[in-house]
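Quick look at run_11.txt (compact mmCIF, C-alpha atoms):
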# COMPACT_ATOMS: atom_id res chain seq x y z
CA MET A 1482 275.99 180.89 105.00
CA GLN A 1483 272.54 181.05 106.57
CA GLN A 1484 273.60 183.95 108.82
CA SER A 1485 275.00 185.85 105.83
CA GLY A 1486 271.67 185.43 104.00
CA LYS A 1487 269.78 186.72 107.02
CA LYS A 1488 271.96 189.85 107.22
CA LYS A 1489 271.46 190.45 103.51
CA SER A 1490 267.71 190.11 103.89
CA THR A 1491 267.67 192.54 106.83
CA GLY A 1492 269.80 195.02 104.89
CA THR A 1493 267.48 194.83 101.86
CA PHE A 1494 264.44 195.36 104.08
CA LYS A 1495 265.93 198.44 105.71
CA LYS A 1496 266.97 199.74 102.30
CA TYR A 1497 263.35 199.75 101.13
CA ILE A 1498 262.21 201.22 104.45
CA LEU A 1499 264.76 204.02 104.01
CA LYS A 1500 263.46 204.80 100.52
CA ALA A 1501 259.87 204.87 101.74
CA HIS A 1502 260.86 207.11 104.67
CA LEU A 1503 262.77 209.46 102.36
CA TRP A 1504 260.18 209.93 99.63
CA LEU A 1505 257.21 210.13 101.96
CA GLY A 1506 259.13 212.74 103.94
CA LEU A 1507 259.84 214.82 100.85
CA LEU A 1508 256.20 214.50 99.81
CA SER A 1509 254.64 215.61 103.11
CA GLY A 1510 257.45 217.56 104.79
CA ILE A 1511 256.17 221.10 104.25
CA ILE A 1512 252.66 220.15 105.48
CA VAL A 1513 254.09 218.44 108.58
CA LEU A 1514 256.20 221.53 109.28
CA ILE A 1515 253.19 223.89 109.02
CA VAL A 1516 250.87 221.65 111.04
CA SER A 1517 253.47 221.06 113.77
CA LEU A 1518 254.38 224.73 114.21
CA SER A 1519 250.75 225.87 114.21
CA GLY A 1520 249.93 223.08 116.66
CA ALA A 1521 252.67 224.21 119.02
CA PHE A 1522 251.38 227.80 118.81
CA PHE A 1523 247.80 226.70 119.52
CA VAL A 1524 248.45 224.43 122.53
CA PHE A 1525 248.17 227.20 125.15
CA ASN A 1526 245.41 229.06 123.32
CA GLU A 1527 242.76 228.80 126.03
CA ASP A 1528 245.15 229.50 128.89
CA ILE A 1529 246.50 232.65 127.25
CA THR A 1530 243.03 233.79 126.17
CA ALA A 1531 241.74 233.40 129.73
CA VAL A 1532 244.47 235.74 130.96
CA LEU A 1533 244.07 238.32 128.19
CA ARG A 1534 240.28 238.47 128.56
CA LYS A 1535 240.16 238.21 132.34
CA GLU A 1536 238.64 241.66 132.91
CA HIS A 1537 235.78 240.74 130.56
CA ILE A 1538 235.35 237.10 131.50
CA PHE A 1539 234.59 238.35 135.02
CA HIS A 1540 231.97 241.10 134.94
CA GLY A 1541 232.93 242.65 138.29
CA GLU A 1542 229.35 243.21 139.47
CA LYS A 1543 229.10 243.80 143.23
CA ASP A 1544 226.86 242.03 145.74
CA ILE A 1545 225.78 239.32 143.28
CA LEU A 1546 224.63 237.01 146.09
CA HIS A 1547 221.62 239.30 146.49
CA LYS A 1548 220.98 239.77 142.78
CA LYS A 1549 219.48 237.64 140.04
CA PRO A 1550 220.47 237.62 136.37
CA ILE A 1551 218.08 239.30 133.96
CA PRO A 1552 215.75 236.60 132.56
CA LEU A 1553 217.29 235.26 129.39
CA HIS A 1554 214.33 236.06 127.16
CA LYS A 1555 214.73 239.73 128.14
CA LEU A 1556 218.53 239.69 128.24
CA LYS A 1557 218.68 238.49 124.64
CA ASP A 1558 216.69 241.53 123.46
CA VAL A 1559 218.76 243.92 125.59
CA VAL A 1560 221.98 242.53 124.13
CA ASN A 1561 220.78 242.58 120.52
CA ALA A 1562 219.65 246.19 120.96
CA GLN A 1563 223.29 247.05 121.67
CA LEU A 1564 224.52 245.18 118.60
CA LYS A 1565 222.91 247.42 115.99
CA ASN A 1566 226.06 247.49 113.86
CA GLU A 1567 226.19 243.69 113.58
CA ILE A 1568 224.70 242.00 110.51
CA ILE A 1569 223.23 239.13 112.57
CA LYS A 1570 221.63 238.73 115.97
CA ALA A 1571 222.95 236.74 118.90
CA ASP A 1572 221.17 233.38 118.85
CA GLU A 1573 223.29 231.32 121.25
CA VAL A 1574 224.71 231.87 124.70
CA THR A 1575 227.22 230.14 126.97
CA ILE A 1576 226.17 230.37 130.60
CA PRO A 1577 228.81 229.88 133.33
CA ILE A 1578 227.86 228.14 136.56
CA ASP A 1579 230.04 230.59 138.49
CA PRO A 1580 227.87 233.72 138.90
CA ALA A 1581 230.99 235.93 138.93
CA ARG A 1582 231.64 235.10 135.26
CA SER A 1583 230.01 236.91 132.35
CA TYR A 1584 227.52 235.37 129.96
CA GLN A 1585 229.03 234.85 126.51
CA PHE A 1586 226.74 235.37 123.52
CA GLY A 1587 227.75 234.13 120.10
CA LEU A 1588 227.42 235.74 116.69
CA VAL A 1589 228.02 233.03 114.10
CA LYS A 1590 227.28 233.02 110.39
CA GLY A 1591 229.02 230.87 107.78
CA ASP A 1592 229.00 230.27 104.05
CA PRO A 1593 229.09 226.55 103.18
CA GLU A 1594 230.21 227.45 99.65
CA GLY A 1595 233.33 229.26 100.87
CA TRP A 1596 236.62 227.67 99.79
CA ASN A 1597 238.89 229.20 102.44
CA HIS A 1598 238.87 230.31 106.07
CA PHE A 1599 238.12 233.96 105.36
CA ASN A 1600 235.13 233.54 103.05
CA SER A 1601 233.61 230.41 104.60
CA ILE A 1602 233.19 232.25 107.93
CA ILE A 1603 231.27 235.50 107.50
CA VAL A 1604 230.87 236.38 111.18
CA TYR A 1605 232.25 234.74 114.30
CA LYS A 1606 232.29 236.92 117.41
CA ASN A 1607 232.16 236.46 121.18
CA VAL A 1608 230.10 239.01 123.10
CA TYR A 1609 230.71 239.22 126.85
CA VAL A 1610 227.70 240.49 128.80
CA ASN A 1611 227.03 241.42 132.43
CA GLN A 1612 223.94 239.29 133.02
CA TYR A 1613 222.87 241.47 135.98
CA THR A 1614 222.77 244.77 134.07
CA GLY A 1615 222.54 243.60 130.46
CA LYS A 1616 225.54 245.73 129.49
CA VAL A 1617 227.77 244.45 126.69
CA ILE A 1618 231.26 244.44 128.23
CA ALA A 1619 233.33 243.48 125.20
CA ILE A 1620 233.09 242.07 121.67
CA TYR A 1621 235.89 239.87 120.31
CA ASP A 1622 236.28 239.06 116.63
CA VAL A 1623 237.13 235.37 116.74
CA LYS A 1624 237.37 235.02 112.95
CA ASN A 1625 240.45 237.24 112.82
CA ASN A 1626 241.93 236.16 116.15
CA PRO A 1627 245.54 234.89 115.68
CA PHE A 1628 244.81 231.71 117.64
CA PHE A 1629 241.70 230.92 115.59
CA ILE A 1630 243.52 231.59 112.32
CA CYS A 1631 246.30 229.34 113.59
CA MET A 1632 243.75 226.60 114.34
CA ALA A 1633 242.35 226.92 110.80
CA LEU A 1634 245.89 226.70 109.44
CA HIS A 1635 246.49 223.61 111.57
CA ARG A 1636 243.28 221.85 110.58
CA SER A 1637 242.91 222.80 106.93
CA LEU A 1638 245.77 225.07 105.80
CA LEU A 1639 243.27 227.99 105.78
CA LEU A 1640 241.29 226.18 103.07
CA SER A 1641 237.84 224.64 103.38
CA ASN A 1642 237.60 221.55 105.55
CA THR A 1643 236.76 219.44 102.49
CA ILE A 1644 239.94 220.42 100.63
CA GLY A 1645 242.42 221.47 103.29
CA GLY A 1646 241.22 219.00 105.90
CA THR A 1647 241.75 216.14 103.45
CA ILE A 1648 245.27 217.34 102.58
CA VAL A 1649 246.19 217.62 106.28
CA GLY A 1650 244.58 214.25 107.05
CA VAL A 1651 246.45 212.42 104.29
CA SER A 1652 249.71 214.12 105.28
CA THR A 1653 249.15 213.05 108.89
CA ILE A 1654 248.63 209.44 107.82
CA ILE A 1655 251.91 209.67 105.90
CA PHE A 1656 253.52 211.14 109.00
CA VAL A 1657 252.39 208.14 111.09
CA ILE A 1658 253.97 205.82 108.51
CA MET A 1659 257.14 207.88 108.70
CA LEU A 1660 257.22 207.60 112.49
CA ILE A 1661 256.98 203.81 112.19
CA THR A 1662 259.62 203.57 109.47
CA GLY A 1663 261.78 206.01 111.40
CA ILE A 1664 261.75 203.78 114.49
CA ILE A 1665 262.68 200.79 112.31
CA LEU A 1666 265.62 202.71 110.84
CA TRP A 1667 266.64 204.02 114.27
CA TRP A 1668 266.56 200.60 115.93
CA PRO A 1669 270.19 199.68 116.74
CA LYS A 1670 271.84 196.36 116.05
CA ASN A 1671 273.30 195.99 119.55
CA LYS A 1672 273.41 197.60 123.02
CA LYS A 1673 276.51 199.65 122.27
CA MET A 1674 274.86 201.37 119.31
CA ARG A 1675 271.66 201.83 121.33
CA LYS A 1676 273.48 204.02 123.84
CA GLN A 1677 274.83 206.17 121.03
CA ARG A 1678 271.34 206.70 119.64
CA LEU A 1679 269.68 207.68 122.90
CA TRP A 1680 271.62 210.90 123.44
CA PHE A 1681 274.03 213.27 121.73
CA ARG A 1682 277.72 212.30 121.85
CA TRP A 1683 279.49 215.12 120.06
CA GLU A 1684 282.81 215.29 121.94
CA LYS A 1685 284.72 214.25 118.82
CA VAL A 1686 282.15 215.25 116.20
CA LYS A 1687 282.78 218.46 114.23
CA GLY A 1688 280.89 218.02 110.96
CA TRP A 1689 277.39 219.55 110.74
CA ARG A 1690 276.07 216.60 108.74
CA ARG A 1691 276.69 214.15 111.58
CA LYS A 1692 275.21 216.51 114.16
CA ASN A 1693 272.16 217.13 111.99
CA TYR A 1694 271.76 213.37 111.52
CA ASP A 1695 271.85 212.83 115.29
CA VAL A 1696 269.34 215.63 115.89
CA HIS A 1697 266.96 214.03 113.39
CA ASN A 1698 267.29 210.54 114.84
CA ILE A 1699 267.36 211.32 118.56
CA LEU A 1700 264.62 213.99 118.59
CA GLY A 1701 262.56 211.84 116.25
CA PHE A 1702 262.87 208.88 118.60
CA TYR A 1703 261.76 210.76 121.70
CA ALA A 1704 258.97 212.63 119.90
CA SER A 1705 257.55 209.52 118.22
CA PHE A 1706 255.80 208.09 121.29
CA LEU A 1707 253.60 211.13 121.90
CA ALA A 1708 253.50 212.06 118.23
CA VAL A 1709 251.70 208.82 117.34
CA VAL A 1710 248.89 209.65 119.80
CA VAL A 1711 248.63 213.25 118.60
CA ALA A 1712 248.74 212.20 114.94
CA ILE A 1713 246.08 209.51 115.31
CA THR A 1714 243.72 211.86 117.16
CA GLY A 1715 244.38 214.41 114.41
CA ILE A 1716 243.41 211.84 111.78
CA MET A 1717 240.20 211.25 113.75
CA TYR A 1718 239.36 214.93 113.23
CA SER A 1719 240.23 214.94 109.52
CA PHE A 1720 238.35 211.72 108.77
CA ARG A 1721 235.41 211.37 111.15
CA ILE A 1722 234.83 207.77 110.11
CA THR A 1723 238.00 206.84 112.01
CA GLN A 1724 236.28 207.97 115.23
CA MET A 1725 233.59 205.40 114.52
CA TRP A 1726 236.27 202.73 114.02
CA VAL A 1727 237.76 203.57 117.41
CA TYR A 1728 234.29 203.58 118.96
CA VAL A 1729 233.47 200.15 117.48
CA LEU A 1730 236.81 198.72 118.64
CA LEU A 1731 236.26 199.93 122.23
CA ASN A 1732 232.58 199.02 122.21
CA GLY A 1733 233.12 195.29 121.78
CA PHE A 1734 233.06 195.52 117.97
CA SER A 1735 229.56 196.95 118.08
CA SER A 1736 228.58 200.15 116.24
CA ALA A 1737 225.47 200.63 118.40
CA THR A 1738 225.34 204.14 119.87
CA PRO A 1739 222.98 205.47 122.57
CA ASP A 1740 219.54 206.20 121.13
CA TYR A 1741 217.82 209.37 122.32
CA SER A 1742 215.21 209.55 119.58
CA GLN A 1743 212.40 208.78 122.04
CA TYR A 1744 213.03 212.01 123.92
CA LYS A 1745 210.98 214.46 121.89
CA THR A 1746 209.04 217.62 122.53
CA THR A 1747 205.42 216.51 122.83
CA ALA A 1748 203.83 219.49 124.59
CA PRO A 1749 202.02 221.92 122.27
CA GLU A 1750 203.79 225.18 121.42
CA SER A 1751 200.95 227.05 123.08
CA VAL A 1752 202.20 226.06 126.57
CA GLU A 1753 205.59 227.68 125.97
CA THR A 1754 206.06 231.03 127.64
CA ALA A 1755 208.84 233.60 127.68
CA THR A 1756 210.10 232.18 130.97
CA THR A 1757 210.32 228.54 129.81
CA ILE A 1758 213.99 228.89 128.87
CA ASP A 1759 214.78 230.46 132.26
CA ARG A 1760 213.18 227.52 134.09
CA ILE A 1761 215.28 225.15 131.97
CA ILE A 1762 218.44 227.07 132.89
CA GLU A 1763 217.66 226.82 136.58
CA GLN A 1764 217.22 223.05 136.31
CA VAL A 1765 220.65 222.73 134.70
CA LYS A 1766 222.24 224.75 137.49
CA VAL A 1767 220.53 222.67 140.16
CA HIS A 1768 221.66 219.36 138.64
CA TYR A 1769 225.25 220.47 137.89
CA PRO A 1770 226.31 223.08 140.47
CA GLN A 1771 230.00 222.11 140.17
CA ALA A 1772 230.20 222.22 136.37
CA TYR A 1773 231.91 224.98 134.38
CA SER A 1774 229.35 226.10 131.79
CA PHE A 1775 226.64 225.07 129.36
CA GLY A 1776 225.33 226.38 126.05
CA VAL A 1777 221.77 227.31 125.09
CA ASP A 1778 220.36 227.72 121.58
CA LEU A 1779 218.27 230.91 121.45
CA GLU A 1780 217.17 230.62 117.83
CA ASP A 1781 213.51 231.48 117.26
CA HIS A 1782 211.33 228.61 116.02
CA ALA A 1783 210.10 230.63 113.03
CA GLU A 1784 213.62 231.61 111.99
CA ALA A 1785 215.37 228.33 112.78
CA ASP A 1786 217.46 226.85 109.97
CA HIS A 1787 217.07 223.33 111.34
CA GLN A 1788 214.37 221.22 112.99
CA HIS A 1789 214.39 220.82 116.77
CA ASP A 1790 213.08 217.51 118.12
CA ASN A 1791 213.85 218.73 121.63
CA LEU A 1792 216.15 221.11 123.48
CA SER A 1793 219.43 219.32 124.17
CA ILE A 1794 221.93 221.02 126.46
CA TRP A 1795 225.56 219.93 126.82
CA ILE A 1796 227.22 220.74 130.13
CA LYS A 1797 230.98 221.35 130.11
CA GLU A 1798 232.44 220.06 133.37
CA LYS A 1799 235.86 221.77 133.37
CA GLU A 1800 237.25 225.03 132.03
CA PHE A 1801 240.13 223.91 129.80
CA THR A 1802 239.02 220.40 128.80
CA TYR A 1803 236.15 218.95 126.78
CA ALA A 1804 236.34 215.23 127.51
CA GLU A 1805 234.05 215.48 130.53
CA SER A 1806 230.58 216.61 129.52
CA SER A 1807 227.05 215.77 130.58
CA MET A 1808 223.78 216.05 128.70
CA MET A 1809 220.22 217.06 129.54
CA ILE A 1810 217.23 216.87 127.19
CA PHE A 1811 214.16 219.04 127.71
CA ASP A 1812 210.73 219.45 126.17
CA GLU A 1813 211.39 222.86 124.60
CA HIS A 1814 207.75 223.93 124.95
CA SER A 1815 206.95 222.92 128.51
CA GLY A 1816 210.49 222.98 129.93
CA LYS A 1817 210.05 219.48 131.35
CA LEU A 1818 213.24 217.45 131.88
CA LEU A 1819 213.06 214.37 129.64
CA PHE A 1820 216.50 212.88 130.13
CA ASN A 1821 219.64 213.50 132.17
CA ARG A 1822 222.95 211.74 131.61
CA PRO A 1823 225.99 212.64 133.74
CA HIS A 1824 229.43 212.12 132.25
CA GLY A 1825 230.06 209.11 134.50
CA ASP A 1826 227.15 207.23 132.91
CA LYS A 1827 228.66 207.29 129.42
CA PRO A 1828 229.92 204.00 127.98
CA MET A 1829 233.70 203.68 127.86
CA ALA A 1830 233.80 203.90 124.07
CA GLU A 1831 231.98 207.23 124.09
CA ARG A 1832 234.17 208.63 126.86
CA ALA A 1833 237.26 207.63 124.87
CA THR A 1834 236.14 209.28 121.62
CA ASP A 1835 234.99 212.37 123.56
CA ALA A 1836 238.58 212.72 124.78
CA THR A 1837 239.94 213.05 121.22
CA TYR A 1838 240.48 216.82 121.37
CA ASP A 1839 241.96 216.81 124.87
CA LEU A 1840 244.40 214.07 123.90
CA HIS A 1841 245.32 215.91 120.72
CA VAL A 1842 246.34 219.12 122.50
CA GLY A 1843 247.66 217.42 125.65
CA ALA A 1844 244.95 218.94 127.89
CA PHE A 1845 243.81 215.48 128.98
CA PHE A 1846 246.86 215.40 131.29
CA GLY A 1847 246.55 219.00 132.44
CA MET A 1848 249.32 221.58 132.10
CA THR A 1849 251.98 218.84 132.10
CA GLY A 1850 250.35 217.29 129.04
CA LYS A 1851 250.19 220.65 127.28
CA ILE A 1852 253.86 221.33 127.91
CA LEU A 1853 254.78 217.90 126.56
CA ALA A 1854 252.53 218.45 123.51
CA PHE A 1855 254.21 221.82 122.90
CA ILE A 1856 257.74 220.35 123.08
CA MET A 1857 256.75 217.35 120.99
CA SER A 1858 255.23 219.63 118.31
CA LEU A 1859 258.50 221.57 118.06
CA PHE A 1860 260.43 218.30 117.80
CA CYS A 1861 258.09 217.16 115.00
CA ALA A 1862 258.51 220.52 113.24
CA SER A 1863 262.26 219.98 113.23
CA LEU A 1864 262.04 216.55 111.57
CA PRO A 1865 261.17 217.70 108.01
CA VAL A 1866 263.94 220.33 108.22
CA THR A 1867 266.67 218.02 109.52
CA GLY A 1868 265.44 215.22 107.26
CA PHE A 1869 265.69 217.45 104.19
CA MET A 1870 269.17 218.55 105.26
CA ILE A 1871 270.24 214.88 105.50
CA TRP A 1872 268.94 214.23 101.98
CA TRP A 1873 270.43 217.46 100.60
CA GLY A 1874 273.77 216.80 102.31
CA ARG A 1875 274.07 213.31 100.87
CA ASN A 1876 273.30 214.56 97.38
CA ASN A 1877 275.61 217.55 97.55
CA LYS A 1878 278.81 216.15 98.99
CA LYS A 1879 281.98 217.92 97.89
CA LYS A 1880 283.87 215.80 95.42
CA THR A 1881 287.41 215.05 96.55
CA THR A 1882 290.33 214.97 94.08
CA THR A 1883 293.03 212.33 94.15
Would you mind writing the structure in this file as structure tokens?
Amino acid sequence: MQQSGKKKSTGTFKKYILKAHLWLGLLSGIIVLIVSLSGAFFVFNEDITAVLRKEHIFHGEKDILHKKPIPLHKLKDVVNAQLKNEIIKADEVTIPIDPARSYQFGLVKGDPEGWNHFNSIIVYKNVYVNQYTGKVIAIYDVKNNPFFICMALHRSLLLSNTIGGTIVGVSTIIFVIMLITGIILWWPKNKKMRKQRLWFRWEKVKGWRRKNYDVHNILGFYASFLAVVVAITGIMYSFRITQMWVYVLLNGFSSATPDYSQYKTTAPESVETATTIDRIIEQVKVHYPQAYSFGVDLEDHAEADHQHDNLSIWIKEKEFTYAESSMMIFDEHSGKLLFNRPHGDKPMAERATDATYDLHVGAFFGMTGKILAFIMSLFCASLPVTGFMIWWGRNNKKKTTT
């Protein structure tokens, strides 16, 4: 009697889990499909871009060991003189440590009132420049690049981050719940059933409904382990407060973050010269000769749209990942180094949250991780389709006559 009651209780529990799984799936299915497919397309974005732009990423200048780049304060003017048809000037530059690579200037202008991808970004272009001659090698329109559009679709459905990002974030939370309920529904009663649910056994199966059911369950099971990680890191992008929760959890339940407010520009503006920025660049290269690149803000003080307490420079350690980065803070007037923090000196909580993007796209584990993320994204894209077909099939069975 007691055993019968236990089975009834378990059956009732799974019945409610099934209903939750079904209706949440119908509610978020189309969003999960779009986000999964766009995510799969975006995984190899940087690798493919590096191949397609290779002739411009590398400037091809000869005998560079005996040449020096044009000082940045002059190079900026030379570049902008060649961008007469652009509505804005280049006010940022990414400088590679490898002298064989081109400098990359950025043209970026947005509209915070824009409600979708195309009107919230007015200009977003990459300008590749030979730093030894000042010649503009190529200009790429990032705004209309298929990979960038795909990323916007993935993050916010081509809507503003406020609207679209919230929709994607909520749908991702629902997807995590579905993964959990899916595992509960998948979990077999005994070892014999477990074997049947770990791989396809279609020797005697002819009906499409049974095959579709197996595809949904088996692919869903194998995708769920990686999908949880990818989904949670995606939620951390949609709702930034969740990054703070993760930080606090890994930081011994403390929300205290490193304080750099004491590192401020104190030298008078009168001591700044045209070569100050070039001296800062040389210091970065000396401290991080094995890094990949670093960015420099070239915005004029008089035209700046935000207040600078100092000049902070983030150094990217590797080409295709962002988790490893170092930071240097300079007095922007004198060029004096105020603070230097290598990646290895970061607290564990900060290193973990910095790895959010790399974990999300699989890059944290190199090419193997990207391949797994790609396959997992395709598996996840199949779940709303096969799940809908299960629901549709059950509600559209052919009536048999007696």
With all atoms listed in the file as the counted atoms, please give the residues lying no more than 8 Å from region 1654-1668 of chain A, apart from itself and same-chain residues fewer than 4 positions off, as a VMD selection string. chain A and resid 1495 1498 to 1499 1501 to 1502 1505 to 1506 1509 1513 1650 1675 1678 1698 1701 to 1702 1705 1709 1712 to 1713 1716
Box along x, y and z, 6 Å on every side, all listed atoms of region 1825-1832 of chain A inside: centre and edge lengths in Å to one decimal, as lines of an AutoDock Vina configuration file.
center_x = 230.7
center_y = 206.4
center_z = 129.3
size_x = 19.0
size_y = 17.4
size_z = 22.4
Check the smallest atom-to-atom distance from each of A:Thr1647, A:Thr1493, A:Asn1607, A:Asn1526 to Thr1575 (chain A) using only C-alpha atoms, then report the winner.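 Residue with the minimum atom-to-atom distance to Thr1575 (chain A): A:Asn1607.
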Using all atoms listed in the file, list the residues that have an atom at most 9 Å from (253.0, 216.4, 124.4), coordinates as in the file, as number ranges by chain. A: 1704, 1707-1708, 1711, 1840-1843, 1849-1858
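Proximity ranking of A:Trp1596, A:Thr1754, A:Ala1562, A:Phe1539 relative to Ser1583 (chain A) places A:Phe1539 first, based on all atoms listed in the file.
Separating CA of Ser1652 (chain A) from CA of Ile1512 (chain A) is a distance of 6.7 Å.
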Length of the CA of Ala1581 (chain A) to CA of Ser1793 (chain A) vector [Å]: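 Between CA of Ala1581 (chain A) and CA of Ser1793 (chain A) the gap is 25.0 Å.
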What does the distance from CA of Lys1616 (chain A) to CA of Val1532 (chain A) come to in Å, to one decimal?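 Straight-line distance from CA of Lys1616 (chain A) to CA of Val1532 (chain A) works out to 21.5 Å.
Of the listed residues A:Ile1620, A:Ile1545, A:Ile1576, A:Ile1551, the one whose atoms come nearest to Lys1766 (chain A) is A:Ile1576, with distances taken using all atoms listed in the file.
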Contacts of Phe1869 (chain A) at 9 Å or less, counting all atoms listed in the file, minus same-chain residues fewer than 4 places along, as an NGL selection string? :A and (1503 or 1506-1507 or 1510 or 1864-1865 or 1873-1874)
